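For reference, the structure discussed in these notes is given below.
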Amino acid sequence: MTIPFLGGVTNIIGLGFLIVAGGLLLGFYVLTRQGLKPDLRPLSGYDAMLNQVGQAIESGGRVHISLGPNSVIGEDTGAALAGLAILDVITDTSAISDRSPIATTSDSTTLPVMRDIIRRSYRERGTLDRYESTSARLISLDAISLAAGTTSIVADDNVQANVLAGSLGSESALMAEAGQRKGVSQVFASDRLQAQAVGLAMADHVLIGEEMFVGRAYLDQEPAATASVLSQDVLRWVIIGAIVVSFVLKFLSL
Amino acid sequence: MRNVIPAAIAIGVGIITLLGYFFTGPELIGLRLVFTDWAVLLGALAVLLGLLNLMVVHARRIDSQSKGWLYSLLTVAAAVVMLVIGIAEPILSKGSNTLYDSTSISNLLFQGIIVSSQAALASLVMFFLIVAAVRLLKTRPTGWSVLFLAVMLISLIAWLPFSSMGLANQFRDWLIQVPAAAGARGILLGIALGTTAIGLRVLTGLERPYKD
């Protein structure tokens, strides 16, 4: 089936899905603005993240957050935005510290956005004089070199909390190993399957798959982010329902 | 107004680009391609900014002689040498494009140093993982840790090229094709939903990473 100007069935389904998702997001946004406060299931990674940042600030140490190889103009932009949201909240919290957090990436398009987010947090807190212009760093242009480069940051720059949030692959084991060796607490979030094992084995707290995308809702309780979590939940149940129905239909040979 | 204009531009460009994927109108597709080209161009310019950032970070480390400053010196020197070679080589070879020539000095240096050192680093990952899994059993001896280590060992052992490994091979294949694939698809589905949700938040202006 094709509709003029809209292409085939896949396009129709895709557009329909986006319209439904957008409608749900806006609907839940209105409800959360009106006071709806849903009970989000606890995620230890986010509970620990702010505690670790607080402890790092109190001990005069730095927070390191790596967004991995994510680009803001590529296919992994979603994960990049999720990582940037986490960076935003962490920087807001740590902008009272004398020492800027260090944010690392291996993508040059993400770098200016990271820099902007960190600078803005300091400006909004009125502590722009404490902002270090080198707090956002491009370590290299590929993921393995980024992993190798961050090991020296974790080891040498008085890092007390290590947050890894991006499309990290198995090379993130190098980053996590550096944190383990130094004994700093670590939160690991990745949307890559091969990195889940690394996170499980090496980090104190792991955020698996979609959990990485709900950072702002858990850390900041922002209405838009909370609405986003609710719409994700509804869509997930719709997809589960569709899978079950299609399974039953196939089982009954209909 | 300072915040509204960037948001309006970002939302407008985002929506046009998105619609360009669904609708087949040539104007929309043309606009989408123009915006994508601009993004690629800006991405290329961002590499220069990134290089500048790299140099400034390491120059400050050298200046303050902080821990590991000698490595920073090496990094800056390597970057300058590669940059000089990258610029000089095409000029000396009378304008031919040496970037993709496998026998060019820049490519030889890249293959000889970067690729081989990356391969060495990548090969360490497996050892780190095994050590971490064993350490996990000591620090957090839960059922999940035992399961993780057991599955990892079975998967690794079943790769050994012995004929007596038939049963282990079958079990490994089942592990990969049934529970691992099912779990992976569940995670991927969640990631797709998360990506959609965060994309929609940006498109509707509810999430603005570009506020400044």
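Each chain in the structure tokens gets a letter, A, B and so on, in the order shown; residues start at 1 in every chain, and ligands are counted from 1 in the order they appear.
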
Residues at most 10 Å from Asp76 (chain A), counting only C-alpha atoms, excluding those fewer than 3 positions away in the same chain, as number ranges by chain? A: 69-73, 79-81, 166-167, 191; B: 195

Distance table requested - chain A against chain B, cut-off 7 Å, only C-alpha atoms: one row per qualifying residue with the closest atom pair and its distance in Å to one decimal, ordered by chain and rising residue number, as a tab-separated table.
```
residue	atom	partner	partner_atom	distance
A:Phe5	CA	B:Thr24	CA	4.6
A:Leu6	CA	B:Phe23	CA	4.4
A:Gly7	CA	B:Thr24	CA	6.2
A:Asn11	CA	B:Phe22	CA	5.3
A:Leu15	CA	B:Phe22	CA	6.8
A:Gly22	CA	B:Leu200	CA	6.4
A:Ile73	CA	B:Ala39	CA	6.6
A:Gly78	CA	B:Thr195	CA	4.7
A:Ala79	CA	B:Thr195	CA	6.9
A:Ser108	CA	B:Val47	CA	5.2
A:Thr109	CA	B:Ala46	CA	5.5
A:Val113	CA	B:Tyr210	CA	6.7
A:Asp116	CA	B:Asp212	CA	6.6
A:Arg120	CA	B:Asp212	CA	6.9
A:Thr134	CA	B:Val57	CA	5.9
A:Arg137	CA	B:Asn53	CA	6.6
A:Leu138	CA	B:Gly50	CA	5.8
A:Ile139	CA	B:Leu54	CA	6.7
A:Ile144	CA	B:Gln118	CA	6.3
A:Asp156	CA	B:Lys67	CA	6.4
A:Ser170	CA	B:Val125	CA	6.9
A:Glu171	CA	B:Val125	CA	6.4
A:Ala173	CA	B:Val125	CA	6.0
A:Leu174	CA	B:Val125	CA	6.8
A:Asp191	CA	B:Ile191	CA	6.5
A:Leu193	CA	B:Ala184	CA	6.8
A:Val198	CA	B:Leu129	CA	6.5
A:Ala201	CA	B:Ala133	CA	5.2
A:Met202	CA	B:Ala132	CA	5.7
A:Gly209	CA	B:Ile191	CA	5.4
A:Glu210	CA	B:Ile191	CA	4.6
A:Phe213	CA	B:Gly194	CA	5.4
A:Ala224	CA	B:Leu206	CA	6.1
A:Ser228	CA	B:Ala197	CA	5.8
A:Gln232	CA	B:Leu193	CA	6.0
```

Export, as a CSV table (one decimal), in the first residue's frame, the selected residues with N, CA, C and O atoms.
```csv
chain,number,residue,atom,x,y,z
A,5,PHE,N,3.0,10.8,-1.8
A,5,PHE,CA,3.9,11.7,-1.0
A,5,PHE,C,4.3,11.0,0.3
A,5,PHE,O,5.1,11.5,1.0
A,6,LEU,N,3.7,9.9,0.7
A,6,LEU,CA,4.0,9.3,2.0
A,6,LEU,C,4.8,8.0,1.9
A,6,LEU,O,5.3,7.4,2.8
A,7,GLY,N,4.9,7.5,0.7
A,7,GLY,CA,5.7,6.3,0.5
A,7,GLY,C,5.0,5.0,0.9
A,7,GLY,O,3.7,5.0,1.0
A,11,ASN,N,6.7,3.6,6.1
A,11,ASN,CA,6.6,5.1,6.4
A,11,ASN,C,5.4,5.4,7.1
A,11,ASN,O,5.4,6.2,8.1
A,15,LEU,N,5.5,7.0,10.8
A,15,LEU,CA,4.9,8.3,11.1
A,15,LEU,C,3.8,8.2,12.1
A,15,LEU,O,3.7,9.0,13.1
A,22,GLY,N,4.4,11.3,20.2
A,22,GLY,CA,4.4,12.7,20.5
A,22,GLY,C,3.1,13.1,21.2
A,22,GLY,O,3.2,13.9,22.2
A,73,ILE,N,25.4,14.5,15.6
A,73,ILE,CA,24.8,14.6,14.2
A,73,ILE,C,24.9,13.2,13.6
A,73,ILE,O,24.9,13.0,12.4
A,78,GLY,N,20.7,10.0,19.9
A,78,GLY,CA,19.8,9.7,21.0
A,78,GLY,C,20.6,9.5,22.3
A,78,GLY,O,20.4,10.1,23.3
A,79,ALA,N,21.6,8.6,22.2
A,79,ALA,CA,22.4,8.3,23.3
A,79,ALA,C,23.3,9.5,23.7
A,79,ALA,O,23.5,9.7,24.9
A,108,SER,N,34.0,15.3,17.9
A,108,SER,CA,34.2,16.7,18.0
A,108,SER,C,32.9,17.5,17.9
A,108,SER,O,32.9,18.7,18.3
A,109,THR,N,31.8,16.9,17.4
A,109,THR,CA,30.6,17.7,17.4
A,109,THR,C,29.9,17.7,18.8
A,109,THR,O,29.2,18.6,19.1
A,113,VAL,N,29.0,21.2,22.6
A,113,VAL,CA,27.7,21.2,23.4
A,113,VAL,C,28.1,20.9,24.9
A,113,VAL,O,27.5,21.5,25.8
A,116,ASP,N,29.4,24.0,26.4
A,116,ASP,CA,28.3,24.9,26.6
A,116,ASP,C,27.5,24.6,27.9
A,116,ASP,O,27.2,25.5,28.7
A,120,ARG,N,27.4,26.9,31.1
A,120,ARG,CA,26.1,27.5,31.5
A,120,ARG,C,25.7,27.2,33.0
A,120,ARG,O,25.2,28.1,33.7
A,134,THR,N,38.9,24.1,30.1
A,134,THR,CA,39.4,22.8,29.6
A,134,THR,C,38.6,21.7,30.2
A,134,THR,O,39.1,20.5,30.2
A,137,ARG,N,36.7,18.0,27.2
A,137,ARG,CA,37.9,17.6,26.5
A,137,ARG,C,37.6,16.6,25.4
A,137,ARG,O,36.9,15.6,25.6
A,138,LEU,N,38.2,16.8,24.2
A,138,LEU,CA,38.2,15.8,23.2
A,138,LEU,C,39.5,15.0,23.4
A,138,LEU,O,40.6,15.6,23.2
A,139,ILE,N,39.4,13.8,23.7
A,139,ILE,CA,40.6,13.0,24.0
A,139,ILE,C,41.2,12.4,22.7
A,139,ILE,O,42.4,12.4,22.6
A,144,ILE,N,38.7,3.6,21.2
A,144,ILE,CA,39.7,2.9,21.9
A,144,ILE,C,40.7,3.9,22.5
A,144,ILE,O,41.1,3.9,23.6
A,156,ASP,N,45.2,10.6,37.3
A,156,ASP,CA,46.1,11.7,37.6
A,156,ASP,C,45.3,13.0,38.0
A,156,ASP,O,45.9,13.9,38.6
A,170,SER,N,33.1,-2.5,24.2
A,170,SER,CA,33.9,-3.3,25.1
A,170,SER,C,35.2,-2.6,25.6
A,170,SER,O,35.8,-2.9,26.6
A,171,GLU,N,35.6,-1.6,24.8
A,171,GLU,CA,36.8,-0.8,25.2
A,171,GLU,C,36.6,-0.1,26.5
A,171,GLU,O,37.6,0.3,27.1
A,173,ALA,N,36.0,-1.2,29.1
A,173,ALA,CA,36.7,-2.0,30.2
A,173,ALA,C,38.0,-1.3,30.7
A,173,ALA,O,38.3,-1.3,31.8
A,174,LEU,N,38.7,-0.6,29.7
A,174,LEU,CA,39.9,0.1,30.1
A,174,LEU,C,39.6,1.3,31.0
A,174,LEU,O,40.3,1.5,32.0
A,191,ASP,N,24.3,2.1,25.8
A,191,ASP,CA,23.2,1.5,25.0
A,191,ASP,C,23.7,0.4,24.1
A,191,ASP,O,23.0,-0.1,23.2
A,193,LEU,N,25.1,-3.4,23.5
A,193,LEU,CA,25.0,-4.7,24.2
A,193,LEU,C,26.3,-5.2,24.7
A,193,LEU,O,26.4,-5.8,25.8
A,198,VAL,N,30.7,-5.5,30.5
A,198,VAL,CA,31.7,-4.7,31.1
A,198,VAL,C,31.2,-4.0,32.3
A,198,VAL,O,31.7,-4.0,33.4
A,201,ALA,N,30.4,-6.3,35.3
A,201,ALA,CA,31.5,-6.9,36.0
A,201,ALA,C,32.4,-5.8,36.7
A,201,ALA,O,33.0,-6.1,37.7
A,202,MET,N,32.4,-4.6,36.1
A,202,MET,CA,33.4,-3.6,36.6
A,202,MET,C,32.9,-2.4,37.3
A,202,MET,O,33.6,-1.7,38.0
A,209,GLY,N,20.6,-0.3,28.9
A,209,GLY,CA,19.8,0.1,27.8
A,209,GLY,C,19.0,1.3,28.0
A,209,GLY,O,19.5,2.4,28.1
A,210,GLU,N,17.6,1.2,28.0
A,210,GLU,CA,16.8,2.4,28.1
A,210,GLU,C,16.9,3.2,29.4
A,210,GLU,O,16.6,4.4,29.4
A,213,PHE,N,18.4,6.6,29.2
A,213,PHE,CA,17.6,7.7,28.6
A,213,PHE,C,16.7,8.4,29.6
A,213,PHE,O,16.0,9.3,29.2
A,224,ALA,N,8.9,17.4,31.9
A,224,ALA,CA,9.0,16.9,30.5
A,224,ALA,C,9.7,15.5,30.5
A,224,ALA,O,9.3,14.6,29.7
A,228,SER,N,8.1,11.9,29.5
A,228,SER,CA,8.8,11.0,28.5
A,228,SER,C,8.9,9.6,29.0
A,228,SER,O,8.7,8.6,28.3
A,232,GLN,N,7.1,6.4,27.3
A,232,GLN,CA,7.9,5.2,27.0
A,232,GLN,C,7.3,3.9,27.6
A,232,GLN,O,7.2,2.9,26.9
```

DSSP-assigned helix (DSSP H, G or I) members of region 18-248 of chain A, reported as a PyMOL selection string: chain A and resi 18-33+44-58+77-94+110-125+128-130+143-156+172-182+193-202+209-220+223-248

Enumerate the residues of region 31-142 of chain A with a DSSP assignment of strand (DSSP E or B), computed from the backbone, and present them as a PyMOL selection string. chain A and resi 62-66+102-105+136-138

Write a file of the just-selected residues containing all heavy atoms, as a CSV table (one decimal), in the first residue's frame.
```csv
chain,number,residue,atom,x,y,z
A,62,ARG,N,37.4,15.6,41.8
A,62,ARG,CA,36.7,16.0,40.6
A,62,ARG,C,35.7,14.8,40.2
A,62,ARG,O,35.9,13.7,40.7
A,62,ARG,CB,37.6,16.1,39.4
A,62,ARG,CG,38.4,17.4,39.4
A,62,ARG,CD,39.2,17.3,38.1
A,62,ARG,NE,40.3,18.3,38.0
A,62,ARG,CZ,40.1,19.5,37.5
A,62,ARG,NH1,38.9,19.8,37.0
A,62,ARG,NH2,41.1,20.4,37.4
A,63,VAL,N,34.7,15.2,39.4
A,63,VAL,CA,33.8,14.2,38.8
A,63,VAL,C,34.2,14.1,37.3
A,63,VAL,O,34.5,15.1,36.6
A,63,VAL,CB,32.4,14.7,38.9
A,63,VAL,CG1,31.4,13.7,38.2
A,63,VAL,CG2,32.0,15.0,40.3
A,64,HIS,N,34.4,12.8,36.9
A,64,HIS,CA,34.7,12.6,35.5
A,64,HIS,C,33.5,12.0,34.8
A,64,HIS,O,32.9,11.0,35.4
A,64,HIS,CB,35.9,11.7,35.3
A,64,HIS,CG,36.1,11.2,33.9
A,64,HIS,ND1,36.0,9.9,33.5
A,64,HIS,CD2,36.3,11.9,32.7
A,64,HIS,CE1,36.1,9.8,32.2
A,64,HIS,NE2,36.3,11.0,31.7
A,65,ILE,N,33.0,12.5,33.7
A,65,ILE,CA,31.9,11.9,33.0
A,65,ILE,C,32.3,11.8,31.5
A,65,ILE,O,32.8,12.7,30.9
A,65,ILE,CB,30.6,12.7,33.1
A,65,ILE,CG1,29.5,12.1,32.2
A,65,ILE,CG2,30.7,14.2,32.9
A,65,ILE,CD1,28.1,12.5,32.5
A,66,SER,N,32.3,10.6,31.0
A,66,SER,CA,32.6,10.3,29.7
A,66,SER,C,31.4,10.0,28.8
A,66,SER,O,30.6,9.2,29.2
A,66,SER,CB,33.6,9.2,29.5
A,66,SER,OG,34.0,9.0,28.2
A,102,ILE,N,35.2,17.0,34.8
A,102,ILE,CA,35.8,16.8,33.5
A,102,ILE,C,34.9,15.9,32.6
A,102,ILE,O,34.5,14.9,33.1
A,102,ILE,CB,37.2,16.1,33.7
A,102,ILE,CG1,38.1,16.9,34.5
A,102,ILE,CG2,37.8,15.8,32.3
A,102,ILE,CD1,39.4,16.2,34.9
A,103,ALA,N,34.6,16.5,31.5
A,103,ALA,CA,33.7,15.7,30.5
A,103,ALA,C,34.6,15.3,29.3
A,103,ALA,O,35.2,16.2,28.8
A,103,ALA,CB,32.5,16.5,30.1
A,104,THR,N,34.6,14.0,29.0
A,104,THR,CA,35.4,13.6,27.8
A,104,THR,C,34.5,13.0,26.7
A,104,THR,O,33.5,12.4,27.0
A,104,THR,CB,36.4,12.6,28.3
A,104,THR,OG1,35.8,11.5,28.9
A,104,THR,CG2,37.4,13.2,29.2
A,105,THR,N,35.0,13.1,25.5
A,105,THR,CA,34.4,12.5,24.4
A,105,THR,C,35.4,12.2,23.3
A,105,THR,O,36.6,12.7,23.4
A,105,THR,CB,33.3,13.5,23.8
A,105,THR,OG1,32.7,12.9,22.6
A,105,THR,CG2,33.9,14.8,23.4
A,136,ALA,N,35.7,20.5,29.4
A,136,ALA,CA,35.2,19.6,28.3
A,136,ALA,C,36.4,19.2,27.4
A,136,ALA,O,37.1,20.2,26.9
A,136,ALA,CB,34.1,20.3,27.5
A,137,ARG,N,36.7,18.0,27.2
A,137,ARG,CA,37.9,17.6,26.5
A,137,ARG,C,37.6,16.6,25.4
A,137,ARG,O,36.9,15.6,25.6
A,137,ARG,CB,38.9,17.0,27.4
A,137,ARG,CG,39.3,17.9,28.5
A,137,ARG,CD,40.3,17.3,29.4
A,137,ARG,NE,40.6,18.2,30.6
A,137,ARG,CZ,41.4,17.9,31.6
A,137,ARG,NH1,42.0,16.7,31.6
A,137,ARG,NH2,41.5,18.7,32.6
A,138,LEU,N,38.2,16.8,24.2
A,138,LEU,CA,38.2,15.8,23.2
A,138,LEU,C,39.5,15.0,23.4
A,138,LEU,O,40.6,15.6,23.2
A,138,LEU,CB,38.2,16.5,21.8
A,138,LEU,CG,38.2,15.5,20.6
A,138,LEU,CD1,36.8,15.1,20.3
A,138,LEU,CD2,38.9,16.2,19.4
```

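CA of Gly30 (chain B) to CA of Asp107 (chain A) spans 27.1 Å [interatomic distance, one decimal].
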
Give me the residues near region 121-130 of chain A as a short mmCIF file (atom, residue, chain, number, x, y, z; two decimals) with all heavy atoms, in the first residue's frame, where near means some atom within 10 Å (using only C-alpha atoms) and where sequence neighbours in that chain fewer than 6 positions away do not count.
```
data_model
loop_
_atom_site.label_atom_id
_atom_site.label_comp_id
_atom_site.auth_asym_id
_atom_site.auth_seq_id
_atom_site.Cartn_x
_atom_site.Cartn_y
_atom_site.Cartn_z
N ASP A 88 24.39 17.52 32.20
CA ASP A 88 23.74 18.77 32.61
C ASP A 88 23.41 18.74 34.11
O ASP A 88 23.73 19.66 34.86
CB ASP A 88 22.47 18.96 31.76
CG ASP A 88 21.88 20.34 31.92
OD1 ASP A 88 22.57 21.23 32.46
OD2 ASP A 88 20.72 20.55 31.50
N VAL A 89 22.77 17.64 34.54
CA VAL A 89 22.36 17.54 35.94
C VAL A 89 23.59 17.44 36.85
O VAL A 89 23.66 18.10 37.90
CB VAL A 89 21.43 16.32 36.14
CG1 VAL A 89 20.98 16.25 37.59
CG2 VAL A 89 20.23 16.42 35.22
N ILE A 90 24.56 16.65 36.45
CA ILE A 90 25.77 16.48 37.28
C ILE A 90 26.51 17.81 37.41
O ILE A 90 26.96 18.20 38.49
CB ILE A 90 26.70 15.39 36.66
CG1 ILE A 90 26.10 14.01 36.91
CG2 ILE A 90 28.10 15.47 37.25
CD1 ILE A 90 26.93 12.88 36.37
N THR A 91 26.61 18.54 36.31
CA THR A 91 27.33 19.81 36.34
C THR A 91 26.58 20.83 37.19
O THR A 91 27.20 21.60 37.92
CB THR A 91 27.52 20.36 34.91
OG1 THR A 91 27.91 19.31 34.07
CG2 THR A 91 28.58 21.42 34.87
N ASP A 92 25.24 20.82 37.10
CA ASP A 92 24.45 21.71 37.96
C ASP A 92 24.77 21.46 39.42
O ASP A 92 24.87 22.39 40.22
CB ASP A 92 22.95 21.46 37.73
CG ASP A 92 22.39 22.38 36.66
OD1 ASP A 92 23.09 23.35 36.31
OD2 ASP A 92 21.29 22.14 36.17
N THR A 93 24.90 20.17 39.76
CA THR A 93 25.17 19.80 41.15
C THR A 93 26.60 20.16 41.54
O THR A 93 26.84 20.63 42.66
CB THR A 93 24.98 18.27 41.33
OG1 THR A 93 23.75 17.91 40.73
CG2 THR A 93 24.98 17.87 42.78
N SER A 94 27.53 19.96 40.64
CA SER A 94 28.95 20.14 41.01
C SER A 94 29.48 21.54 40.72
O SER A 94 30.66 21.80 40.95
CB SER A 94 29.80 19.08 40.31
OG SER A 94 29.67 19.20 38.93
N ALA A 95 28.60 22.44 40.23
CA ALA A 95 29.09 23.80 39.92
C ALA A 95 29.44 24.61 41.17
O ALA A 95 30.01 25.69 41.06
CB ALA A 95 28.04 24.54 39.08
N ILE A 96 29.08 24.09 42.35
CA ILE A 96 29.47 24.77 43.59
C ILE A 96 30.90 24.44 43.97
O ILE A 96 31.50 25.07 44.82
CB ILE A 96 28.53 24.40 44.76
CG1 ILE A 96 28.42 22.87 44.88
CG2 ILE A 96 27.17 25.03 44.60
CD1 ILE A 96 27.85 22.40 46.19
N SER A 97 31.44 23.42 43.30
CA SER A 97 32.79 22.96 43.65
C SER A 97 33.86 23.89 43.07
O SER A 97 33.63 24.57 42.08
CB SER A 97 32.98 21.54 43.09
OG SER A 97 34.32 21.17 43.13
N ASP A 98 35.01 23.88 43.73
CA ASP A 98 36.14 24.67 43.21
C ASP A 98 36.70 24.07 41.94
O ASP A 98 37.37 24.74 41.17
CB ASP A 98 37.26 24.73 44.26
CG ASP A 98 36.87 25.62 45.41
OD1 ASP A 98 35.98 26.47 45.21
OD2 ASP A 98 37.44 25.47 46.51
N ARG A 99 36.46 22.79 41.76
CA ARG A 99 37.06 22.10 40.62
C ARG A 99 35.98 21.66 39.67
O ARG A 99 35.06 20.91 40.05
CB ARG A 99 37.89 20.91 41.11
CG ARG A 99 38.77 21.27 42.31
CD ARG A 99 39.89 20.31 42.47
NE ARG A 99 40.87 20.48 41.41
CZ ARG A 99 41.91 19.67 41.22
NH1 ARG A 99 42.06 18.66 42.02
NH2 ARG A 99 42.77 19.88 40.26
N SER A 100 36.10 22.10 38.42
CA SER A 100 35.10 21.75 37.40
C SER A 100 35.09 20.24 37.18
O SER A 100 36.13 19.60 37.31
CB SER A 100 35.47 22.38 36.06
OG SER A 100 35.33 23.75 36.10
#
```

Phe110 (chain B) surroundings by only C-alpha atoms, 12 Å radius, close-in-sequence under 6 positions cut, as a count of residues only: 14

So, with only C-alpha atoms as the atoms that count, which of B:Arg61, B:Lys94, B:Arg32, B:Lys138 lies closest to Thr75 (chain B)? B:Arg61

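Using only C-alpha atoms, the protein and nucleic acid residues lying no more than 9 Å from Tyr218 (chain A), apart from those fewer than 6 places from it along its own chain, are Leu40, Pro42, Leu43, Tyr46, Asp47, Ala225 and Thr226 of chain A.
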
To one decimal place in Å, what is the distance between CA of Gln160 (chain A) and CA of Ser185 (chain A)? 7.1 Å

What's the 12 Å shell around region 163-175 of chain B, counting only C-alpha atoms, without same-chain residues fewer than 5 positions away, as a list of chain:residue names? B:Ala150, B:Val151, B:Met152, B:Leu153, B:Ile154, B:Ser155, B:Leu156, B:Ile157, B:Ala158, B:Ala180, B:Ala181, B:Ala182, B:Gly183, B:Ala184

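If you look at CA of Gln111 (chain B) and CA of Pro112 (chain A), they are 29.2 Å away from each other.
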